[in-house]
$ cat input-v1.txt   # compact mmCIF, C-alpha atoms
# COMPACT_ATOMS: atom_id res chain seq x y z
CA MET C 1 301.74 -121.83 197.66
CA ASP C 2 305.35 -121.05 198.64
CA TYR C 3 304.07 -118.93 201.53
CA ILE C 4 301.79 -121.73 202.75
CA LEU C 5 304.66 -124.20 202.64
CA SER C 6 306.83 -121.77 204.61
CA ILE C 7 304.32 -121.55 207.49
CA LEU C 8 303.52 -125.26 207.65
CA GLY C 9 306.50 -125.93 209.94
CA PRO C 10 305.45 -123.62 212.81
CA LEU C 11 301.81 -124.66 212.46
CA ALA C 12 302.78 -128.34 212.50
CA GLU C 13 304.75 -127.75 215.71
CA GLY C 14 301.71 -126.07 217.23
CA SER C 15 299.51 -128.96 216.14
CA LEU C 16 301.79 -131.37 218.03
CA VAL C 17 301.02 -129.51 221.27
CA THR C 18 297.33 -129.70 220.40
CA LEU C 19 297.54 -133.43 219.73
CA GLN C 20 299.50 -134.08 222.93
CA LEU C 21 296.85 -132.31 224.99
CA PHE C 22 294.09 -134.18 223.15
CA LEU C 23 295.60 -137.64 223.58
CA ILE C 24 296.65 -137.23 227.22
CA THR C 25 293.22 -135.85 228.10
CA LEU C 26 291.52 -138.87 226.53
CA LEU C 27 293.83 -141.32 228.28
CA LEU C 28 293.02 -139.73 231.65
CA ALA C 29 289.41 -138.61 231.24
CA VAL C 30 287.87 -141.80 229.81
CA PRO C 31 288.85 -144.18 232.66
CA LEU C 32 288.20 -141.45 235.24
CA GLY C 33 284.78 -140.84 233.70
CA LEU C 34 283.96 -144.54 233.86
CA GLY C 35 284.99 -144.69 237.51
CA LEU C 36 282.88 -141.65 238.33
CA ALA C 37 279.90 -143.16 236.53
CA LEU C 38 280.17 -146.38 238.55
CA VAL C 39 280.30 -144.42 241.79
CA ARG C 40 277.42 -142.20 240.59
CA ILE C 41 275.10 -145.20 240.18
CA SER C 42 276.33 -147.07 243.23
CA ARG C 43 274.29 -147.64 246.38
CA PHE C 44 276.65 -145.53 248.47
CA SER C 45 274.53 -142.41 248.79
CA ALA C 46 277.23 -140.07 250.11
CA ALA C 47 279.73 -141.00 247.38
CA SER C 48 277.04 -140.83 244.72
CA GLN C 49 275.95 -137.37 245.82
CA ALA C 50 279.57 -136.18 245.96
CA VAL C 51 280.16 -137.33 242.38
CA ASN C 52 276.87 -135.76 241.31
CA GLY C 53 278.00 -132.45 242.81
CA TYR C 54 281.37 -132.73 241.09
CA ILE C 55 279.73 -133.37 237.72
CA TRP C 56 277.38 -130.43 238.26
CA LEU C 57 280.32 -128.16 239.08
CA MET C 58 282.44 -129.24 236.11
CA ARG C 59 279.60 -129.05 233.61
CA GLY C 60 278.18 -125.82 235.03
CA THR C 61 281.34 -123.71 234.83
CA PRO C 62 283.38 -122.82 231.73
CA LEU C 63 286.43 -124.93 230.97
CA MET C 64 288.48 -121.78 230.51
CA LEU C 65 287.56 -120.61 234.02
CA GLN C 66 288.57 -123.99 235.46
CA MET C 67 291.87 -123.83 233.62
CA LEU C 68 292.61 -120.31 234.82
CA PHE C 69 291.67 -121.28 238.39
CA ILE C 70 294.05 -124.26 238.40
CA TYR C 71 296.89 -122.24 236.91
CA TYR C 72 296.49 -118.90 238.70
CA ALA C 73 294.33 -119.42 241.80
CA LEU C 74 295.24 -122.92 243.02
CA PRO C 75 298.62 -121.79 244.43
CA PHE C 76 296.79 -119.38 246.76
CA VAL C 77 294.19 -121.85 248.08
CA PRO C 78 294.90 -122.42 251.80
CA GLY C 79 296.09 -125.93 252.56
CA ILE C 80 296.86 -126.71 248.89
CA GLY C 81 299.23 -124.14 247.47
CA ILE C 82 300.10 -126.22 244.42
CA ARG C 83 301.69 -124.35 241.53
CA LEU C 84 301.55 -126.26 238.26
CA PRO C 85 303.41 -125.39 235.05
CA ASP C 86 301.24 -124.28 232.15
CA PHE C 87 300.94 -127.57 230.25
CA PRO C 88 300.29 -129.81 233.30
CA ALA C 89 297.72 -127.25 234.50
CA ALA C 90 295.95 -127.52 231.16
CA ILE C 91 296.06 -131.32 231.33
CA VAL C 92 294.52 -131.35 234.82
CA ALA C 93 291.77 -128.91 233.83
CA PHE C 94 290.89 -130.75 230.64
CA ALA C 95 290.97 -134.21 232.24
CA LEU C 96 288.78 -133.18 235.19
CA ASN C 97 286.33 -131.34 232.94
CA TYR C 98 285.94 -134.02 230.29
CA ALA C 99 285.79 -136.80 232.89
CA ALA C 100 282.55 -135.21 234.11
CA TYR C 101 281.04 -135.29 230.61
CA PHE C 102 282.25 -138.83 229.94
CA ALA C 103 280.86 -139.90 233.33
CA GLU C 104 277.37 -138.82 232.30
CA ILE C 105 277.71 -140.62 228.97
CA PHE C 106 278.80 -143.82 230.71
CA ARG C 107 276.08 -143.47 233.34
CA ALA C 108 273.37 -143.13 230.71
CA GLY C 109 274.76 -146.09 228.79
CA ILE C 110 274.95 -148.34 231.87
CA GLN C 111 271.45 -147.42 233.04
CA SER C 112 270.05 -148.15 229.58
CA ILE C 113 270.83 -151.86 230.04
CA ASP C 114 267.79 -153.85 231.08
CA ARG C 115 267.79 -154.86 234.74
CA GLY C 116 266.89 -158.39 233.74
CA GLN C 117 270.42 -158.89 232.47
CA TYR C 118 271.82 -158.12 235.93
CA GLU C 119 269.41 -160.60 237.47
CA GLY C 120 270.29 -163.25 234.89
CA ALA C 121 274.00 -162.76 235.58
CA LYS C 122 273.34 -163.09 239.31
CA VAL C 123 271.54 -166.37 238.75
CA LEU C 124 274.55 -167.62 236.78
CA GLY C 125 276.78 -166.79 239.74
CA PHE C 126 278.50 -163.74 238.27
CA SER C 127 279.86 -161.18 240.68
CA TYR C 128 279.07 -157.49 240.16
CA GLY C 129 282.50 -156.91 238.62
CA GLN C 130 282.12 -159.87 236.26
CA THR C 131 278.64 -158.71 235.29
CA MET C 132 279.90 -155.24 234.42
CA ARG C 133 282.99 -156.48 232.58
CA ARG C 134 281.48 -159.37 230.60
CA ILE C 135 277.86 -158.39 230.06
CA VAL C 136 277.10 -154.73 230.67
CA LEU C 137 280.13 -152.78 229.44
CA PRO C 138 280.39 -154.53 226.03
CA GLN C 139 276.80 -153.46 225.35
CA VAL C 140 277.40 -149.99 226.76
CA VAL C 141 280.27 -149.40 224.33
CA LYS C 142 277.92 -149.88 221.37
CA ARG C 143 275.38 -147.42 222.77
CA ILE C 144 277.72 -144.62 223.78
CA LEU C 145 279.80 -144.39 220.61
CA PRO C 146 277.75 -141.52 219.06
CA PRO C 147 277.89 -139.23 222.14
CA MET C 148 281.53 -140.18 222.75
CA SER C 149 282.28 -139.23 219.16
CA ASN C 150 280.67 -135.82 219.65
CA GLU C 151 282.56 -135.12 222.88
CA THR C 152 285.87 -136.26 221.39
CA ILE C 153 285.48 -133.97 218.40
CA THR C 154 284.54 -131.13 220.74
CA LEU C 155 287.73 -131.85 222.69
CA VAL C 156 289.82 -131.26 219.57
CA LYS C 157 288.33 -127.79 219.20
CA ASP C 158 288.46 -127.00 222.91
CA THR C 159 292.23 -127.51 222.92
CA SER C 160 292.45 -124.03 221.40
CA LEU C 161 291.53 -122.67 224.87
CA ILE C 162 295.08 -123.29 226.10
CA TYR C 163 295.96 -120.17 224.16
CA VAL C 164 295.14 -118.20 227.35
CA LEU C 165 298.03 -119.93 229.14
CA ALA C 166 300.44 -118.77 226.42
CA LEU C 167 301.07 -122.33 225.25
CA ASN C 168 302.26 -122.51 221.67
CA ASP C 169 299.40 -124.62 220.33
CA LEU C 170 298.08 -124.55 216.77
CA LEU C 171 295.89 -121.47 217.26
CA ARG C 172 298.58 -119.44 219.00
CA ALA C 173 301.11 -120.35 216.31
CA ALA C 174 298.66 -119.23 213.63
CA ARG C 175 297.93 -115.94 215.37
CA GLY C 176 301.61 -115.22 215.81
CA ILE C 177 302.17 -115.57 212.07
CA VAL C 178 299.10 -113.44 211.30
CA GLN C 179 300.38 -110.63 213.51
CA ARG C 180 303.81 -110.90 211.90
CA ASP C 181 302.76 -111.08 208.24
CA PHE C 182 299.41 -109.23 208.29
CA THR C 183 297.55 -111.96 206.41
CA ILE C 184 294.72 -114.30 207.38
CA THR C 185 296.19 -117.22 205.45
CA PRO C 186 297.62 -118.86 208.60
CA PHE C 187 294.12 -118.94 210.13
CA ILE C 188 292.83 -120.72 207.03
CA VAL C 189 295.64 -123.25 207.18
CA ALA C 190 295.04 -123.75 210.92
CA ALA C 191 291.36 -124.36 210.17
CA ALA C 192 292.44 -127.00 207.67
CA PHE C 193 294.51 -128.69 210.40
CA TYR C 194 291.52 -128.78 212.75
CA LEU C 195 289.23 -130.06 209.99
CA LEU C 196 291.73 -132.80 209.15
CA MET C 197 291.87 -133.93 212.78
CA THR C 198 288.09 -133.99 213.10
CA LEU C 199 287.82 -135.81 209.77
CA VAL C 200 290.11 -138.57 211.04
CA LEU C 201 288.14 -138.85 214.28
CA THR C 202 284.82 -138.91 212.42
CA TRP C 203 286.07 -141.70 210.16
CA PHE C 204 287.44 -143.64 213.16
CA PHE C 205 284.18 -143.49 215.12
CA GLN C 206 282.11 -144.34 212.05
CA ARG C 207 284.22 -147.44 211.60
CA LEU C 208 283.73 -148.33 215.26
CA GLU C 209 279.96 -147.86 214.99
CA LYS C 210 279.81 -150.12 211.94
CA ARG C 211 281.94 -152.71 213.69
CA HIS C 212 279.74 -152.73 216.79
CA ALA C 213 276.45 -152.24 214.97
CA VAL C 214 273.57 -154.40 216.13
CA TYR C 215 270.98 -155.30 213.54
CA ASP C 216 267.50 -156.35 214.57

$ encode --input "input-v1.txt" --output "structure tokens"
Amino acid sequence: MDYILSILGPLAEGSLVTLQLFLITLLLAVPLGLGLALVRISRFSAASQAVNGYIWLMRGTPLMLQMLFIYYALPFVPGIGIRLPDFPAAIVAFALNYAAYFAEIFRAGIQSIDRGQYEGAKVLGFSYGQTMRRIVLPQVVKRILPPMSNETITLVKDTSLIYVLALNDLLRAARGIVQRDFTITPFIVAAAFYLLMTLVLTWFFQRLEKRHAVYD
């Protein structure tokens, strides 16, 4: 027990990096995903196809590859030449990747709403923006909570990928202690940290689902 208490400090510091990446990614990816979904289902064919291609690219290539490309290859792309520090590079990669997944979740939720509700809103004089804000999106939120919960929990675990950029996240902190002390105990404690974070998220989304539940 004394040993576990002695390693909690470094692991807690690593978990702060993990939580920062998680929270910033959510704050960026959710609104970006919603915007992409709205463009994806719009009548502007060129924009819709462009977003569709973007989603296909982001979902069809590994997140780690995207992260390595942004950090190592982006500076050498002609006409761009942007060199990002490690943490901002991870943020950009995670936000762009998860925005694609969230976009598909939002798109499916929006398209699940009966077209009659759009027509009814039009008869009442609602604009497209008012229809989406007051009628469609409140219903969409109820329907997308389960897939959003799954993606959010996956995001917690995917944060461990920033290990490849030498960021001192929870996993890297645990491995450093393992290599120093020759014991797997830090990995077990790190697993407990991840399980605690996913437990909190699971509880949070379950509460949201109960709050927004619709009973026939």

$ residues_around --input "input-v1.txt" --residues "stretch 49-64 of chain C" --least-positions-apart "4" --cutoff "7 Å" --atoms "all atoms listed in the file" --output "NGL selection string"
:C and (36 or 40 or 45 or 68 or 97 or 100 or 161)

$ residues_around --input "input-v1.txt" --residues "stretch 177-194 of chain C" --least-positions-apart "4" --cutoff "10 Å" --atoms "all atoms listed in the file" --output "MDAnalysis selection string"
chainID C and resid 3:4 7:8 10:12 14:15 18 153 156:157 160 170:173 198:199

$ closest_residue --input "input-v1.txt" --among "C:Thr25, C:Gln117, C:Gln20, C:Ser6" --to "C:Met132" --atoms "all atoms listed in the file"
C:Gln117

$ residues_around --input "input-v1.txt" --residues "C:Ala121" --least-positions-apart "3" --cutoff "10 Å" --atoms "all atoms listed in the file" --output "list in words"
Gly116, Gln117, Tyr118, Leu124, Gly125, Phe126, Ser127, Tyr128, Gln130, Thr131, Met132, Arg134, Ile135 and Val136 of chain C

$ closest_residue --input "input-v1.txt" --among "C:Leu28, C:Pro146, C:Phe76, C:Thr154" --to "C:Leu195" --atoms "only C-alpha atoms"
C:Thr154

$ residues_around --input "input-v1.txt" --residues "C:Leu155" --least-positions-apart "4" --cutoff "9 Å" --atoms "only C-alpha atoms" --output "list in words"
Phe22, Thr25, Leu26, Phe94, Tyr98, Asn150, Glu151 and Thr159 of chain C

$ residues_around --input "input-v1.txt" --residues "stretch 83-90 of chain C" --least-positions-apart "3" --cutoff "6 Å" --atoms "all atoms listed in the file" --output "list in words"
Tyr71, Pro75 and Ala93 of chain C

$ write_last_selection --input "input-v1.txt" --atoms "C-alpha atoms" --output "tab-separated table (two decimals), in the frame of the given file"
chain	number	residue	atom	x	y	z
C	71	TYR	CA	296.89	-122.24	236.91
C	75	PRO	CA	298.62	-121.79	244.43
C	93	ALA	CA	291.77	-128.91	233.83

$ atom_distance --input "input-v1.txt" --atom1 "atom CA of C:Leu38" --atom2 "atom CA of C:Lys210"
26.9 Å

$ decode --input "input-v1.txt" --residues "stretch 178-194 of chain C" --atoms "all heavy atoms" --output "CSV table (one decimal), in the first residue's frame"
chain,number,residue,atom,x,y,z
C,178,VAL,N,7.2,1.6,-14.2
C,178,VAL,CA,7.4,0.1,-14.4
C,178,VAL,C,8.9,-0.1,-14.8
C,178,VAL,O,9.5,-1.1,-14.3
C,178,VAL,CB,6.4,-0.4,-15.5
C,178,VAL,CG1,6.9,-1.8,-15.9
C,178,VAL,CG2,5.0,-0.4,-15.0
C,179,GLN,N,9.4,0.6,-15.8
C,179,GLN,CA,10.8,0.5,-16.2
C,179,GLN,C,11.8,0.8,-15.1
C,179,GLN,O,12.8,0.2,-15.0
C,179,GLN,CB,11.0,1.3,-17.4
C,179,GLN,CG,10.3,0.9,-18.7
C,179,GLN,CD,10.5,1.8,-19.8
C,179,GLN,OE1,10.6,3.0,-19.6
C,179,GLN,NE2,10.4,1.3,-21.0
C,180,ARG,N,11.4,1.7,-14.2
C,180,ARG,CA,12.3,2.1,-13.1
C,180,ARG,C,12.2,1.1,-12.0
C,180,ARG,O,13.3,0.7,-11.4
C,180,ARG,CB,11.8,3.4,-12.6
C,180,ARG,CG,12.7,4.0,-11.4
C,180,ARG,CD,12.0,5.2,-10.8
C,180,ARG,NE,10.9,4.8,-10.0
C,180,ARG,CZ,9.9,5.6,-9.5
C,180,ARG,NH1,10.1,6.9,-9.7
C,180,ARG,NH2,8.9,5.1,-8.8
C,181,ASP,N,11.1,0.5,-11.6
C,181,ASP,CA,10.9,-0.3,-10.4
C,181,ASP,C,10.8,-1.8,-10.7
C,181,ASP,O,10.7,-2.6,-9.8
C,181,ASP,CB,9.7,0.2,-9.6
C,181,ASP,CG,9.9,1.6,-9.1
C,181,ASP,OD1,11.0,2.1,-9.1
C,181,ASP,OD2,8.9,2.2,-8.8
C,182,PHE,N,10.6,-2.1,-12.0
C,182,PHE,CA,10.5,-3.5,-12.4
C,182,PHE,C,9.3,-4.2,-11.7
C,182,PHE,O,9.4,-5.3,-11.1
C,182,PHE,CB,11.8,-4.3,-12.2
C,182,PHE,CG,13.0,-3.8,-12.9
C,182,PHE,CD1,13.9,-3.0,-12.3
C,182,PHE,CD2,13.1,-4.1,-14.3
C,182,PHE,CE1,15.0,-2.5,-13.0
C,182,PHE,CE2,14.2,-3.6,-15.0
C,182,PHE,CZ,15.2,-2.8,-14.3
C,183,THR,N,8.1,-3.6,-11.8
C,183,THR,CA,6.9,-4.1,-11.3
C,183,THR,C,5.7,-3.7,-12.1
C,183,THR,O,5.8,-2.6,-12.7
C,183,THR,CB,6.7,-3.7,-9.8
C,183,THR,OG1,5.4,-4.1,-9.4
C,183,THR,CG2,6.8,-2.2,-9.7
C,184,ILE,N,4.7,-4.5,-12.2
C,184,ILE,CA,3.6,-4.2,-13.1
C,184,ILE,C,2.5,-3.4,-12.3
C,184,ILE,O,1.5,-3.1,-12.8
C,184,ILE,CB,2.9,-5.4,-13.7
C,184,ILE,CG1,2.4,-6.4,-12.6
C,184,ILE,CG2,3.9,-6.2,-14.5
C,184,ILE,CD1,1.5,-7.5,-13.1
C,185,THR,N,2.7,-3.2,-11.0
C,185,THR,CA,1.8,-2.5,-10.2
C,185,THR,C,1.3,-1.1,-10.8
C,185,THR,O,0.1,-0.8,-10.7
C,185,THR,CB,2.3,-2.3,-8.7
C,185,THR,OG1,2.6,-3.5,-8.2
C,185,THR,CG2,1.3,-1.6,-7.9
C,186,PRO,N,2.2,-0.3,-11.3
C,186,PRO,CA,1.8,0.9,-11.9
C,186,PRO,C,0.8,0.8,-13.0
C,186,PRO,O,-0.1,1.6,-13.2
C,186,PRO,CB,3.1,1.6,-12.4
C,186,PRO,CG,4.1,1.0,-11.5
C,186,PRO,CD,3.7,-0.4,-11.3
C,187,PHE,N,0.9,-0.3,-13.8
C,187,PHE,CA,-0.1,-0.6,-14.9
C,187,PHE,C,-1.4,-0.9,-14.3
C,187,PHE,O,-2.5,-0.4,-14.8
C,187,PHE,CB,0.4,-1.7,-15.7
C,187,PHE,CG,1.5,-1.4,-16.7
C,187,PHE,CD1,2.4,-2.4,-17.1
C,187,PHE,CD2,1.6,-0.1,-17.3
C,187,PHE,CE1,3.4,-2.0,-18.0
C,187,PHE,CE2,2.6,0.2,-18.2
C,187,PHE,CZ,3.5,-0.8,-18.6
C,188,ILE,N,-1.5,-1.6,-13.2
C,188,ILE,CA,-2.7,-1.9,-12.5
C,188,ILE,C,-3.4,-0.6,-12.0
C,188,ILE,O,-4.6,-0.4,-12.1
C,188,ILE,CB,-2.5,-2.9,-11.4
C,188,ILE,CG1,-2.0,-4.3,-12.0
C,188,ILE,CG2,-3.8,-3.2,-10.7
C,188,ILE,CD1,-1.6,-5.3,-11.0
C,189,VAL,N,-2.6,0.2,-11.4
C,189,VAL,CA,-3.1,1.5,-10.9
C,189,VAL,C,-3.6,2.4,-12.0
C,189,VAL,O,-4.6,3.0,-11.9
C,189,VAL,CB,-2.0,2.2,-10.0
C,189,VAL,CG1,-2.6,3.5,-9.5
C,189,VAL,CG2,-1.6,1.3,-8.8
C,190,ALA,N,-2.8,2.4,-13.1
C,190,ALA,CA,-3.2,3.2,-14.3
C,190,ALA,C,-4.6,2.7,-14.8
C,190,ALA,O,-5.5,3.4,-15.2
C,190,ALA,CB,-2.2,3.1,-15.4
C,191,ALA,N,-4.7,1.3,-14.9
C,191,ALA,CA,-6.0,0.7,-15.3
C,191,ALA,C,-7.1,1.2,-14.4
C,191,ALA,O,-8.2,1.5,-14.9
C,191,ALA,CB,-5.9,-0.8,-15.3
C,192,ALA,N,-6.9,1.3,-13.1
C,192,ALA,CA,-7.9,1.7,-12.2
C,192,ALA,C,-8.3,3.2,-12.5
C,192,ALA,O,-9.5,3.5,-12.4
C,192,ALA,CB,-7.4,1.6,-10.7
C,193,PHE,N,-7.3,4.0,-12.8
C,193,PHE,CA,-7.6,5.4,-13.2
C,193,PHE,C,-8.5,5.5,-14.4
C,193,PHE,O,-9.5,6.2,-14.4
C,193,PHE,CB,-6.3,6.2,-13.5
C,193,PHE,CG,-5.7,6.8,-12.3
C,193,PHE,CD1,-4.7,6.1,-11.6
C,193,PHE,CD2,-5.9,8.1,-12.0
C,193,PHE,CE1,-4.1,6.7,-10.5
C,193,PHE,CE2,-5.4,8.7,-10.9
C,193,PHE,CZ,-4.4,8.0,-10.1
C,194,TYR,N,-8.2,4.7,-15.5
C,194,TYR,CA,-9.0,4.6,-16.7
C,194,TYR,C,-10.4,4.1,-16.3
C,194,TYR,O,-11.4,4.7,-16.8
C,194,TYR,CB,-8.4,3.8,-17.7
C,194,TYR,CG,-7.2,4.4,-18.5
C,194,TYR,CD1,-5.9,3.9,-18.3
C,194,TYR,CD2,-7.4,5.5,-19.3
C,194,TYR,CE1,-4.9,4.5,-19.0
C,194,TYR,CE2,-6.4,6.1,-20.0
C,194,TYR,CZ,-5.1,5.6,-19.8
C,194,TYR,OH,-4.1,6.2,-20.5
